[in-house]
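Trainee: To be precise about what I am sending: the file is called final.txt and holds compact mmCIF, C-alpha atoms.
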# COMPACT_ATOMS: atom_id res chain seq x y z
CA MET A 1 15.60 -7.15 -6.24
CA THR A 2 12.19 -6.44 -7.66
CA THR A 3 9.64 -8.54 -9.41
CA ASP A 4 9.35 -5.94 -11.98
CA GLU A 5 11.54 -6.98 -14.92
CA ALA A 6 10.47 -4.35 -17.46
CA SER A 7 13.36 -1.91 -17.17
CA ALA A 8 15.44 -1.20 -20.27
CA GLU A 9 18.66 -2.85 -19.14
CA THR A 10 21.63 -2.64 -21.48
CA ALA A 11 25.22 -3.61 -22.21
CA THR A 12 28.11 -3.07 -24.57
CA ALA A 13 30.50 -5.48 -26.22
CA THR A 14 33.31 -6.18 -23.80
CA GLY A 15 35.65 -8.07 -26.06
CA GLN A 16 35.51 -11.00 -23.64
CA SER A 17 33.22 -13.96 -23.30
CA ALA A 18 31.15 -14.29 -20.15
CA ALA A 19 33.37 -17.16 -19.13
CA ASP A 20 36.50 -15.05 -19.58
CA GLU A 21 35.08 -12.26 -17.45
CA SER A 22 34.42 -14.58 -14.55
CA THR A 23 38.18 -14.71 -14.07
CA ALA A 24 38.75 -11.00 -14.60
CA ASP A 25 41.49 -9.12 -12.90
CA GLU A 26 40.08 -8.10 -9.49
CA SER A 27 40.09 -10.87 -6.90
CA ALA A 28 37.08 -9.42 -5.12
CA GLY A 29 34.84 -10.43 -8.01
CA ASP A 30 33.87 -6.80 -8.52
CA ALA A 31 36.19 -6.12 -11.44
CA THR A 32 33.80 -4.63 -13.92
CA GLY A 33 31.73 -3.13 -11.14
CA ASP A 34 34.54 -1.04 -9.68
CA SER A 35 36.26 0.03 -12.89
CA ALA A 36 33.04 0.97 -14.68
CA ALA A 37 31.56 2.63 -11.62
CA ARG A 38 34.49 5.01 -11.29
CA LYS A 39 33.89 6.20 -14.84
CA ALA A 40 30.11 6.42 -14.52
CA SER A 41 28.41 9.52 -15.85
CA ALA A 42 24.97 10.52 -17.05
CA PRO A 43 23.96 10.03 -20.70
CA ALA A 44 22.99 12.97 -22.89
CA TRP A 45 19.27 13.52 -23.30
CA ARG A 46 19.56 14.50 -26.94
CA GLY A 47 19.36 11.85 -29.61
CA GLY A 48 18.53 8.23 -29.06
CA PHE A 49 18.55 8.03 -25.29
CA GLY A 50 15.93 10.74 -24.82
CA ARG A 51 13.58 8.95 -27.22
CA LEU A 52 14.23 5.56 -25.67
CA TRP A 53 13.70 7.04 -22.20
CA GLY A 54 10.45 8.65 -23.34
CA ALA A 55 9.20 5.38 -24.83
CA ALA A 56 10.05 3.44 -21.67
CA VAL A 57 8.46 5.97 -19.32
CA ILE A 58 5.25 6.46 -21.29
CA SER A 59 4.86 2.69 -21.69
CA ARG A 60 5.32 2.19 -17.95
CA PHE A 61 2.74 4.93 -17.33
CA GLY A 62 0.20 3.07 -19.45
CA ASP A 63 1.07 -0.25 -17.83
CA ALA A 64 0.51 1.27 -14.39
CA LEU A 65 -2.92 2.54 -15.43
CA ARG A 66 -3.84 -0.95 -16.56
CA ALA A 67 -2.37 -2.59 -13.45
CA ALA A 68 -4.47 -0.35 -11.20
CA ALA A 69 -7.68 -0.68 -13.20
CA LEU A 70 -7.56 -4.40 -14.00
CA PRO A 71 -8.11 -5.69 -10.42
CA LEU A 72 -11.04 -3.27 -10.03
CA LEU A 73 -12.56 -4.63 -13.21
CA ALA A 74 -11.92 -8.20 -12.07
CA THR A 75 -13.70 -7.66 -8.74
CA SER A 76 -16.70 -6.26 -10.61
CA LEU A 77 -16.91 -9.49 -12.61
CA THR A 78 -16.40 -12.09 -9.86
CA ASP A 79 -15.91 -12.42 -6.12
CA ASP A 80 -13.88 -15.64 -6.44
CA PRO A 81 -10.41 -14.88 -4.93
CA LEU A 82 -8.76 -17.62 -6.99
CA LEU A 83 -10.04 -16.22 -10.28
CA ILE A 84 -9.01 -12.68 -9.30
CA ALA A 85 -5.54 -13.89 -8.27
CA SER A 86 -5.24 -15.77 -11.56
CA VAL A 87 -5.26 -12.48 -13.45
CA THR A 88 -2.14 -11.39 -11.55
CA ALA A 89 -0.52 -14.81 -11.76
CA CYS A 90 -0.68 -14.70 -15.55
CA GLY A 91 1.61 -11.69 -15.37
CA TYR A 92 4.38 -14.00 -14.11
CA LEU A 93 3.72 -17.17 -16.08
CA PRO A 94 4.94 -16.06 -19.54
CA TRP A 95 8.33 -15.09 -18.10
CA LEU A 96 8.77 -18.63 -16.82
CA LEU A 97 7.50 -20.18 -20.06
CA PHE A 98 8.92 -17.86 -22.73
CA GLY A 99 11.58 -15.70 -21.06
CA LEU A 100 14.50 -17.68 -22.48
CA LEU A 101 12.87 -17.80 -25.91
CA GLY A 102 12.37 -14.03 -25.89
CA GLY A 103 16.07 -13.53 -25.17
CA ALA A 104 17.16 -15.85 -27.99
CA VAL A 105 14.85 -14.14 -30.47
CA ALA A 106 16.08 -10.70 -29.34
CA ASP A 107 19.66 -11.73 -30.16
CA ARG A 108 18.61 -12.78 -33.67
CA VAL A 109 16.51 -9.84 -34.82
CA ASP A 110 16.85 -6.08 -35.26
CA GLN A 111 15.96 -5.01 -31.71
CA ARG A 112 14.62 -1.59 -32.66
CA ARG A 113 12.16 -3.04 -35.16
CA ALA A 114 11.17 -5.78 -32.75
CA MET A 115 10.39 -3.23 -30.04
CA TRP A 116 8.19 -0.93 -32.09
CA ALA A 117 6.41 -3.88 -33.72
CA VAL A 118 5.67 -5.41 -30.31
CA ASP A 119 4.36 -2.09 -29.02
CA LEU A 120 2.05 -1.74 -32.00
CA VAL A 121 0.68 -5.26 -31.44
CA ARG A 122 0.16 -4.51 -27.75
CA GLY A 123 -1.57 -1.26 -28.68
CA VAL A 124 -3.99 -3.12 -30.95
CA LEU A 125 -4.68 -5.72 -28.23
CA MET A 126 -5.36 -3.04 -25.63
CA ALA A 127 -7.58 -1.04 -27.99
CA GLY A 128 -9.63 -4.16 -28.69
CA PHE A 129 -9.89 -4.90 -25.00
CA ALA A 130 -10.96 -1.33 -24.22
CA LEU A 131 -13.69 -1.64 -26.86
CA ALA A 132 -14.87 -4.95 -25.35
CA VAL A 133 -15.09 -3.32 -21.90
CA ALA A 134 -16.97 -0.33 -23.30
CA LEU A 135 -19.50 -2.65 -24.97
CA GLY A 136 -19.95 -4.73 -21.81
CA HIS A 137 -18.31 -7.88 -23.18
CA SER A 138 -15.49 -8.23 -20.64
CA THR A 139 -15.12 -11.54 -18.79
CA ILE A 140 -12.59 -13.00 -16.36
CA ALA A 141 -11.41 -15.34 -19.11
CA LEU A 142 -10.73 -12.33 -21.33
CA LEU A 143 -8.80 -10.59 -18.54
CA ILE A 144 -6.65 -13.68 -17.98
CA ALA A 145 -5.98 -14.06 -21.70
CA LEU A 146 -5.05 -10.38 -22.01
CA ALA A 147 -2.63 -10.52 -19.08
CA PHE A 148 -0.97 -13.63 -20.51
CA LEU A 149 -0.63 -12.23 -24.05
CA LEU A 150 0.71 -8.83 -22.97
CA THR A 151 3.39 -10.37 -20.77
CA THR A 152 4.31 -12.86 -23.49
CA PHE A 153 5.05 -9.98 -25.86
CA GLN A 154 6.86 -8.18 -23.04
CA THR A 155 9.43 -10.99 -22.84
CA LEU A 156 10.59 -10.07 -26.35
CA PHE A 157 10.28 -6.31 -25.85
CA ASP A 158 12.31 -6.19 -22.62
CA ASN A 159 15.08 -8.44 -23.90
CA ALA A 160 15.29 -6.44 -27.15
CA ALA A 161 15.57 -3.23 -25.10
CA THR A 162 18.38 -4.81 -23.10
CA ALA A 163 20.34 -5.50 -26.28
CA LEU A 164 19.63 -2.15 -27.99
CA LEU A 165 20.71 0.47 -25.47
CA PRO A 166 24.48 -0.11 -25.91
CA ALA A 167 24.11 1.35 -29.38
CA VAL A 168 22.33 4.39 -27.92
CA VAL A 169 24.54 5.43 -24.98
CA PRO A 170 28.31 5.24 -24.38
CA ARG A 171 29.58 2.47 -22.13
CA ASP A 172 30.62 4.80 -19.32
CA THR A 173 27.05 6.15 -18.99
CA LEU A 174 25.30 2.79 -18.51
CA ALA A 175 24.74 3.22 -14.77
CA GLY A 176 23.42 6.75 -15.25
CA ALA A 177 21.16 5.58 -18.07
CA ASN A 178 19.73 2.80 -15.92
CA ALA A 179 19.15 5.18 -13.01
CA ARG A 180 17.34 7.69 -15.23
CA LEU A 181 15.23 5.01 -16.88
CA MET A 182 14.18 3.37 -13.62
CA THR A 183 13.58 6.67 -11.84
CA GLY A 184 11.47 8.00 -14.70
CA GLN A 185 9.43 4.82 -14.78
CA GLN A 186 8.92 4.94 -11.02
CA VAL A 187 7.68 8.54 -11.17
CA ALA A 188 5.33 7.71 -14.04
CA SER A 189 3.88 4.64 -12.37
CA GLY A 190 3.95 5.65 -8.70
CA PHE A 191 3.03 9.34 -8.83
CA LEU A 192 1.23 10.01 -12.10
CA ALA A 193 -0.70 6.89 -13.07
CA ALA A 194 -2.19 5.84 -9.74
CA PRO A 195 -3.88 9.20 -8.93
CA LEU A 196 -5.19 9.44 -12.50
CA VAL A 197 -7.08 6.13 -12.49
CA PRO A 198 -10.09 7.35 -10.42
CA ALA A 199 -10.47 10.36 -12.73
CA LEU A 200 -10.33 8.18 -15.83
CA LEU A 201 -12.88 5.75 -14.39
CA ILE A 202 -15.35 8.64 -14.18
CA LEU A 203 -15.24 8.63 -17.99
CA GLY A 204 -15.98 4.91 -18.06
CA ALA A 205 -14.50 1.54 -17.15
CA SER A 206 -12.73 1.34 -20.50
CA ALA A 207 -10.91 4.69 -20.22
CA PRO A 208 -7.69 3.47 -18.48
CA PHE A 209 -7.32 0.71 -21.05
CA ALA A 210 -7.86 3.07 -23.96
CA VAL A 211 -5.14 5.38 -22.61
CA ASN A 212 -2.85 2.35 -22.16
CA ALA A 213 -3.40 1.47 -25.84
CA ALA A 214 -2.44 5.02 -26.83
CA THR A 215 0.76 4.90 -24.76
CA TYR A 216 1.86 1.77 -26.65
CA VAL A 217 1.34 3.53 -29.98
CA VAL A 218 3.29 6.62 -28.83
CA GLY A 219 6.08 4.38 -27.53
CA ALA A 220 6.22 2.55 -30.87
CA LEU A 221 6.54 5.85 -32.74
CA LEU A 222 9.36 7.04 -30.48
CA ILE A 223 11.31 3.80 -30.91
CA ALA A 224 10.72 3.70 -34.65
CA SER A 225 12.16 7.24 -34.88
CA LEU A 226 15.52 6.10 -33.48
CA ARG A 227 18.25 6.38 -36.06
CA THR A 228 20.70 4.22 -34.11
CA GLU A 229 21.25 0.81 -35.60
CA ALA A 230 21.26 -2.30 -33.45
CA PRO A 231 24.66 -3.90 -32.72
CA PRO A 232 25.94 -6.06 -35.63
CA LYS A 233 25.18 -9.73 -35.29
CA PRO A 234 27.75 -12.44 -35.97
CA PRO A 235 26.79 -15.07 -38.54
CA LYS A 236 24.84 -17.98 -37.11
CA ALA A 237 26.48 -21.38 -37.17
CA ALA A 238 24.96 -23.84 -39.59
CA GLY A 239 22.13 -25.76 -38.00
CA SER A 240 21.90 -23.40 -35.00
CA THR A 241 18.53 -23.59 -33.28
CA LEU A 242 16.74 -21.37 -30.81
CA ARG A 243 16.87 -24.17 -28.27
CA ALA A 244 20.66 -24.42 -28.59
CA GLU A 245 21.04 -20.63 -28.38
CA MET A 246 18.91 -20.50 -25.22
CA ALA A 247 21.15 -23.16 -23.68
CA GLN A 248 24.21 -21.08 -24.63
CA GLY A 249 22.78 -18.13 -22.72
CA MET A 250 22.17 -20.24 -19.62
CA ARG A 251 25.70 -21.69 -19.75
CA ALA A 252 27.27 -18.26 -20.24
CA LEU A 253 25.36 -16.90 -17.23
CA TRP A 254 26.36 -19.85 -15.07
CA ARG A 255 30.05 -19.76 -16.05
CA ASP A 256 30.42 -16.16 -14.88
CA SER A 257 30.86 -16.42 -11.12
CA ALA A 258 29.65 -12.86 -10.44
CA LEU A 259 26.50 -13.18 -12.54
CA ARG A 260 25.81 -16.65 -11.18
CA GLY A 261 26.04 -15.44 -7.60
CA LEU A 262 23.97 -12.37 -8.38
CA SER A 263 21.24 -14.42 -10.05
CA VAL A 264 21.02 -16.72 -7.02
CA ALA A 265 20.92 -13.72 -4.67
CA THR A 266 18.21 -12.01 -6.74
CA ALA A 267 16.10 -15.17 -6.80
CA LEU A 268 16.33 -15.30 -2.99
CA THR A 269 15.37 -11.64 -2.61
CA ASN A 270 12.42 -12.14 -4.95
CA ILE A 271 11.17 -14.91 -2.68
CA GLY A 272 11.23 -12.33 0.09
CA MET A 273 9.66 -9.65 -2.11
CA GLY A 274 6.88 -12.03 -3.15
CA ALA A 275 6.08 -12.81 0.49
CA LEU A 276 6.13 -9.13 1.45
CA ILE A 277 4.09 -7.79 -1.47
CA ALA A 278 1.42 -10.49 -1.20
CA THR A 279 0.75 -9.76 2.48
CA LEU A 280 1.74 -6.12 3.03
CA VAL A 281 -1.85 -4.89 3.01
CA LEU A 282 -2.67 -7.41 5.75
CA HIS A 283 0.44 -6.41 7.70
CA ILE A 284 -0.48 -2.71 7.68
CA THR A 285 -4.25 -2.91 8.01
CA GLY A 286 -4.36 -5.99 10.24
CA TRP A 287 -1.24 -6.36 12.40
CA LEU A 288 -0.73 -2.61 12.73
CA ASP A 289 -4.46 -1.80 12.55
CA ALA A 290 -3.55 1.29 10.52
CA GLY A 291 -6.34 1.04 7.95
CA ASN A 292 -6.24 1.89 4.27
CA GLY A 293 -4.69 5.27 5.01
CA GLY A 294 -1.73 3.64 6.71
CA TYR A 295 -1.32 1.25 3.79
CA ALA A 296 -1.36 4.16 1.33
CA ALA A 297 1.21 6.04 3.45
CA ALA A 298 3.57 3.04 3.48
CA LEU A 299 3.30 2.59 -0.30
CA THR A 300 3.84 6.31 -0.88
CA ALA A 301 6.95 6.28 1.31
CA TYR A 302 8.29 3.36 -0.71
CA SER A 303 7.61 5.07 -4.06
CA VAL A 304 9.18 8.39 -3.02
CA ALA A 305 12.22 6.57 -1.66
CA MET A 306 12.64 4.61 -4.91
CA VAL A 307 13.02 7.91 -6.76
CA ALA A 308 15.61 9.09 -4.24
CA GLY A 309 17.41 5.77 -4.66
CA GLY A 310 17.82 6.49 -8.35
CA LEU A 311 20.03 9.44 -7.40
CA VAL A 312 22.00 7.45 -4.83
CA ALA A 313 22.70 4.29 -6.81
CA PRO A 314 25.34 5.48 -9.34
CA ARG A 315 27.16 7.58 -6.74
CA LEU A 316 27.42 4.71 -4.27
CA ALA A 317 28.83 2.45 -6.98
CA VAL A 318 31.49 5.06 -7.79
CA ARG A 319 32.60 5.02 -4.16
CA ILE A 320 32.59 1.33 -3.30
CA GLY A 321 32.02 -0.64 -6.50
CA ARG A 322 28.99 -2.28 -8.00
CA ILE A 323 28.83 -5.62 -6.18
CA ARG A 324 29.63 -3.97 -2.86
CA SER A 325 26.79 -1.49 -3.50
CA ILE A 326 24.39 -4.39 -4.00
CA LEU A 327 25.74 -6.07 -0.86
CA VAL A 328 25.21 -2.90 1.21
CA ALA A 329 21.70 -2.55 -0.20
CA GLY A 330 20.89 -6.12 0.83
CA ILE A 331 22.21 -5.65 4.37
CA VAL A 332 20.26 -2.42 4.90
CA GLN A 333 17.09 -3.95 3.45
CA THR A 334 17.41 -6.93 5.78
CA CYS A 335 17.51 -4.57 8.76
CA ALA A 336 14.50 -2.66 7.44
CA LEU A 337 12.52 -5.89 7.10
CA VAL A 338 13.38 -6.93 10.66
CA ALA A 339 12.14 -3.55 11.91
CA LEU A 340 8.99 -3.88 9.82
CA GLY A 341 8.25 -7.29 11.28
CA THR A 342 9.00 -6.51 14.93
CA ILE A 343 8.05 -2.87 15.68
CA ARG A 344 4.28 -2.55 15.93
CA GLU A 345 4.03 1.14 15.07
CA LEU A 346 2.91 2.75 11.82
CA TRP A 347 5.76 5.28 11.87
CA ALA A 348 8.26 2.43 12.00
CA ALA A 349 6.58 0.70 9.06
CA ILE A 350 6.65 3.91 7.00
CA ALA A 351 10.33 4.50 7.84
CA ALA A 352 11.21 0.87 7.09
CA MET A 353 9.45 0.99 3.70
CA ALA A 354 11.25 4.23 2.85
CA VAL A 355 14.67 2.77 3.64
CA PHE A 356 13.70 -0.40 1.79
CA GLY A 357 12.70 1.66 -1.27
CA VAL A 358 15.98 3.58 -1.47
CA MET A 359 18.01 0.40 -1.27
CA SER A 360 15.74 -1.39 -3.76
CA MET A 361 16.71 1.12 -6.42
CA VAL A 362 20.39 0.87 -5.46
CA TRP A 363 20.17 -2.90 -5.96
CA ASN A 364 18.18 -2.67 -9.20
CA VAL A 365 20.37 -0.11 -10.95
CA ASN A 366 23.65 -1.78 -10.09
CA GLN A 367 22.34 -5.27 -10.77
CA ALA A 368 21.17 -4.24 -14.24
CA THR A 369 24.44 -2.48 -15.02
CA LEU A 370 26.56 -5.41 -13.84
CA VAL A 371 24.67 -7.79 -16.14
CA GLN A 372 25.18 -5.34 -18.98
CA GLU A 373 28.89 -4.87 -18.39
CA ARG A 374 29.71 -8.55 -18.07
CA SER A 375 27.73 -9.85 -21.07
CA PRO A 376 29.04 -9.97 -24.65
CA ALA A 377 26.80 -7.84 -26.87
CA GLN A 378 25.93 -10.72 -29.18
CA MET A 379 24.63 -12.78 -26.21
CA LEU A 380 23.13 -10.04 -24.07
CA GLY A 381 19.51 -10.87 -24.85
CA ARG A 382 20.00 -14.51 -23.91
CA ILE A 383 22.05 -13.86 -20.77
CA SER A 384 19.65 -11.20 -19.48
CA SER A 385 16.63 -13.41 -20.20
CA ALA A 386 18.27 -16.32 -18.37
CA PHE A 387 18.92 -13.98 -15.43
CA ARG A 388 15.32 -12.75 -15.43
CA THR A 389 13.85 -16.23 -15.71
CA LEU A 390 15.91 -17.56 -12.81
CA SER A 391 15.25 -14.57 -10.58
CA ILE A 392 11.57 -13.97 -11.27
CA GLY A 393 10.72 -17.57 -10.42
CA GLY A 394 11.18 -16.75 -6.74
CA ALA A 395 8.30 -14.25 -6.65
CA PRO A 396 5.28 -16.61 -6.93
CA LEU A 397 6.96 -19.05 -4.54
CA GLY A 398 7.46 -16.25 -2.04
CA ALA A 399 3.85 -15.10 -2.38
CA LEU A 400 2.64 -18.62 -1.56
CA LEU A 401 5.01 -18.94 1.41
CA GLY A 402 3.99 -15.51 2.66
CA GLY A 403 0.34 -16.47 2.71
CA LEU A 404 1.09 -19.75 4.49
CA VAL A 405 3.23 -18.25 7.28
CA ALA A 406 0.83 -15.33 7.77
CA GLY A 407 -2.01 -17.75 8.35
CA ALA A 408 0.03 -20.04 10.60
CA TRP A 409 2.11 -17.67 12.74
CA GLY A 410 0.80 -14.13 12.36
CA LEU A 411 0.47 -11.30 9.89
CA ASN A 412 3.93 -9.90 10.67
CA THR A 413 5.81 -13.13 9.92
CA PRO A 414 6.02 -12.66 6.12
CA ALA A 415 8.24 -9.62 6.72
CA LEU A 416 10.50 -11.76 8.90
CA LEU A 417 10.44 -14.51 6.27
CA ALA A 418 11.55 -11.90 3.74
CA ALA A 419 14.35 -10.83 6.11
CA GLY A 420 15.53 -14.44 6.22
CA ALA A 421 15.54 -14.67 2.42
CA PHE A 422 17.53 -11.42 2.18
CA THR A 423 20.00 -12.73 4.77
CA LEU A 424 20.70 -15.76 2.55
CA ALA A 425 21.06 -13.42 -0.46
CA VAL A 426 23.57 -11.26 1.41
CA ALA A 427 25.56 -14.36 2.40
CA SER A 428 25.74 -15.50 -1.23
CA LEU A 429 26.89 -12.04 -2.34
CA GLY A 430 29.48 -11.90 0.45
CA ALA A 431 31.02 -15.06 -0.96
CA LEU A 432 31.72 -13.18 -4.22
CA ILE A 433 33.80 -10.59 -2.39
CA ASN A 434 35.51 -12.93 0.06
If you convert what's in this file into structure tokens, what do you get?

Mentor:
Amino acid sequence: MTTDEASAETATATGQSAADESTADESAGDATGDSAARKASAPAWRGGFGRLWGAAVISRFGDALRAAALPLLATSLTDDPLLIASVTACGYLPWLLFGLLGGAVADRVDQRRAMWAVDLVRGVLMAGFALAVALGHSTIALLIALAFLLTTFQTLFDNAATALLPAVVPRDTLAGANARLMTGQQVASGFLAAPLVPALLILGASAPFAVNAATYVVGALLIASLRTEAPPKPPKAAGSTLRAEMAQGMRALWRDSALRGLSVATALTNIGMGALIATLVLHITGWLDAGNGGYAAALTAYSVAMVAGGLVAPRLAVRIGRIRSILVAGIVQTCALVALGTIRELWAAIAAMAVFGVMSMVWNVNQATLVQERSPAQMLGRISSAFRTLSIGGAPLGALLGGLVAGAWGLNTPALLAAGAFTLAVASLGALIN
């Protein structure tokens, strides 16, 4: 339900193949969702989870600093909208090009070592970039290359994190672990990083990037200090190739009816999210004529609500099951988008974004946990990367469609386009239950 695919999603060995689980015992298609949800509890902070949580949160904090400062740097280098947009676009491209490869590699290697090694490499890249900015050598080409390289490494890091966490927390705490990870990351990025950027920029244009480099190094140290070993890996068949293993992950995802339906639904919602995110500033400042203050208020409402959603998500799954929680989230979000696109009042937009934020976290937490629960441990990296690749592809398409409909039919129409995409997602999820 978001275009952000950097959360540390996880799973445990289920003793079943993904194909076997697609015919599991509950006819509603929510078998693992209901049974696991009823047992959900929070993981202990001591030991591996606390360190993994700390690494994920501090890395997200640094990423948010960079994400806020990079567009400002880009606009100081060029006024060409296409070049500025290209910096953001390169944050999506590596997932489409290398997402499946990152999952296959994550299933082959020691995930803990892969994660801290990737963070060290990213720290070196960011330190070099910060030095280039400080010396006045930054260019748009350098910004584009940096965005592409960092996201390329992220495809391996995120998929390795997905496969590692089962060795860190018990199976019945997966939903709680996801909620704590995502909530912590949201607080770090939405409430701590954004207000700090202006203060750091007083020290110089390179300061946010230097801090980002430091966060990668701290994250690497925290992950390297984990004493938990990665799940054991079965011996590879003779002649097995990365290409064949990537195809296995895609087939396993597609054979599981619940994961297949969820991946289609998430791709549809990301089309809607892409349209909404790309045009929200125009919706608030143009259609509502609420100015930058109104835009900031809507974003703040969304961020605060995301944190609240982290508390709601596991509890809702306990009551009604995981797939049904995602379905409810989609229905409520559809209504919020309709209100956003039809009521021409700032208060309505703020309320709609708040409701949308709560339900976004409900979707995200339960989606991640469902993927974890239904994937065999030895294939988790590949299945999760296949899921990410399929779902994230909807975001750039949605951004393009959002811009087209806003120009043709009005600045409020992207929100209604997003509501239509969410309606199709809800219909596809309803088919899993019916």

Trainee: Tell me, as a PyMOL selection string, which residues lie within 12 Å of Val328 (chain A), counting all atoms listed in the file; anything in the same chain fewer than 3 positions away does not count.

Mentor: chain A and resi 313+316-317+320-325+331-335+356+358-360+362-363+366+422-423+425-427+429-430

Trainee: Hey, which of A:Asn212, A:Thr162, A:Ser257, A:Thr266 ends up closest to Asp107 (chain A)? Count only C-alpha atoms.

Mentor: A:Thr162

Trainee: Using only C-alpha atoms, find the one residue out of A:Ala67, A:Leu397, A:Leu288, A:Ala167 that sits nearest to Gly91 (chain A).

Mentor: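 Of A:Ala67, A:Leu397, A:Leu288, A:Ala167, the one nearest Gly91 (chain A), counting only C-alpha atoms, is A:Ala67.
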
Trainee: Counting only C-alpha atoms, which of A:Leu282, A:Leu100, A:Val168, A:Ala179 gets nearest to Arg112 (chain A)?

Mentor: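 Checking each of A:Leu282, A:Leu100, A:Val168, A:Ala179 against Arg112 (chain A), counting only C-alpha atoms, the winner is A:Val168.
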
Trainee: Taking 5 positions as the minimum chain separation for residues in the same chain, which residues sit within 8 Å of Val217 (chain A) when counting all atoms listed in the file? Answer as a list in words.

Mentor: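 Close residues of Val217 (chain A): Asp119, Leu120 and Gly123 of chain A.
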
Trainee: Mind pulling up the distance from CA of Gly184 (chain A) to CA of Val211 (chain A)?

Mentor: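 Rounded to one decimal, the two atoms are 18.6 Å apart.
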
Trainee: So how many Å separate CA of Ala64 (chain A) and CA of Ser189 (chain A), to one decimal?

Mentor: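 So the two atoms, CA of Ala64 (chain A) and CA of Ser189 (chain A), lie 5.2 Å apart.
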
Trainee: Show me, as a PyMOL selection string, the residues that have an atom within 10 Å of Ser76 (chain A) when counting only C-alpha atoms, minus same-chain residues fewer than 4 positions from it.

Mentor: chain A and resi 70-72+139-140

Trainee: Set the distance at 12 Å and use only C-alpha atoms: which residues neighbour Ala220 (chain A) once local chain neighbours fewer than 6 positions away are removed? I'd like the list as a ChimeraX atom specification.

Mentor: /A:51-52,54-56,58-59,112-124,157,213-214,226

Trainee: Leaving out region 126-128 of chain A and any residue of its chain fewer than 6 positions from it, which residues lie within 12 Å of it when counting all atoms listed in the file, given as a short mmCIF file (atom, residue, chain, number, x, y, z; two decimals) with C-alpha atoms, keeping the file's coordinate frame?

Mentor:
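Output file out_1.cif follows:
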data_model
loop_
_atom_site.label_atom_id
_atom_site.label_comp_id
_atom_site.auth_asym_id
_atom_site.auth_seq_id
_atom_site.Cartn_x
_atom_site.Cartn_y
_atom_site.Cartn_z
CA GLY A 62 0.20 3.07 -19.45
CA ASP A 63 1.07 -0.25 -17.83
CA LEU A 65 -2.92 2.54 -15.43
CA ARG A 66 -3.84 -0.95 -16.56
CA LEU A 70 -7.56 -4.40 -14.00
CA ASP A 119 4.36 -2.09 -29.02
CA LEU A 120 2.05 -1.74 -32.00
CA ALA A 134 -16.97 -0.33 -23.30
CA LEU A 135 -19.50 -2.65 -24.97
CA HIS A 137 -18.31 -7.88 -23.18
CA SER A 138 -15.49 -8.23 -20.64
CA LEU A 142 -10.73 -12.33 -21.33
CA LEU A 143 -8.80 -10.59 -18.54
CA ALA A 145 -5.98 -14.06 -21.70
CA LEU A 146 -5.05 -10.38 -22.01
CA ALA A 147 -2.63 -10.52 -19.08
CA LEU A 149 -0.63 -12.23 -24.05
CA LEU A 150 0.71 -8.83 -22.97
CA SER A 206 -12.73 1.34 -20.50
CA ALA A 207 -10.91 4.69 -20.22
CA PRO A 208 -7.69 3.47 -18.48
CA PHE A 209 -7.32 0.71 -21.05
CA ALA A 210 -7.86 3.07 -23.96
CA VAL A 211 -5.14 5.38 -22.61
CA ASN A 212 -2.85 2.35 -22.16
CA ALA A 213 -3.40 1.47 -25.84
CA ALA A 214 -2.44 5.02 -26.83
CA THR A 215 0.76 4.90 -24.76
CA TYR A 216 1.86 1.77 -26.65
CA VAL A 217 1.34 3.53 -29.98
#

Trainee: Out of A:Gly50, A:Gly249, A:Pro198, A:Gly204, which residue has the shortest atom-to-atom distance to Ala377 (chain A) when counting only C-alpha atoms?

Mentor: A:Gly249

Trainee: Report the distance between CA of Pro195 (chain A) and CA of Ala132 (chain A) in Å, rounded to one decimal place.

Mentor: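 Here the two named atoms are 24.3 Å from each other.
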
Trainee: Tell me which of A:Leu276, A:Val169, A:Leu416, A:Ile144 sits closest to Gly341 (chain A), counting all atoms listed in the file.

Mentor: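 Using all atoms listed in the file, Gly341 (chain A) sits closest to A:Leu416.
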
Trainee: Quick one: region 122-126 of chain A with N, CA, C and O atoms, as an mmCIF file, keeping the file's coordinate frame?

Mentor:
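Wrote out.cif, looks like this:
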data_model
loop_
_atom_site.group_PDB
_atom_site.id
_atom_site.type_symbol
_atom_site.label_atom_id
_atom_site.label_comp_id
_atom_site.auth_asym_id
_atom_site.auth_seq_id
_atom_site.Cartn_x
_atom_site.Cartn_y
_atom_site.Cartn_z
ATOM 1 N N ARG A 122 0.771 -4.693 -29.067
ATOM 2 C CA ARG A 122 0.160 -4.510 -27.750
ATOM 3 C C ARG A 122 -0.865 -3.382 -27.772
ATOM 4 O O ARG A 122 -1.894 -3.449 -27.084
ATOM 5 N N GLY A 123 -0.594 -2.343 -28.557
ATOM 6 C CA GLY A 123 -1.570 -1.260 -28.680
ATOM 7 C C GLY A 123 -2.876 -1.735 -29.292
ATOM 8 O O GLY A 123 -3.966 -1.350 -28.843
ATOM 9 N N VAL A 124 -2.784 -2.580 -30.314
ATOM 10 C CA VAL A 124 -3.990 -3.120 -30.950
ATOM 11 C C VAL A 124 -4.761 -4.011 -29.968
ATOM 12 O O VAL A 124 -5.996 -3.930 -29.866
ATOM 13 N N LEU A 125 -4.029 -4.863 -29.220
ATOM 14 C CA LEU A 125 -4.680 -5.720 -28.230
ATOM 15 C C LEU A 125 -5.412 -4.896 -27.175
ATOM 16 O O LEU A 125 -6.556 -5.189 -26.818
ATOM 17 N N MET A 126 -4.745 -3.853 -26.668
ATOM 18 C CA MET A 126 -5.360 -3.040 -25.630
ATOM 19 C C MET A 126 -6.548 -2.256 -26.171
ATOM 20 O O MET A 126 -7.561 -2.081 -25.473
#
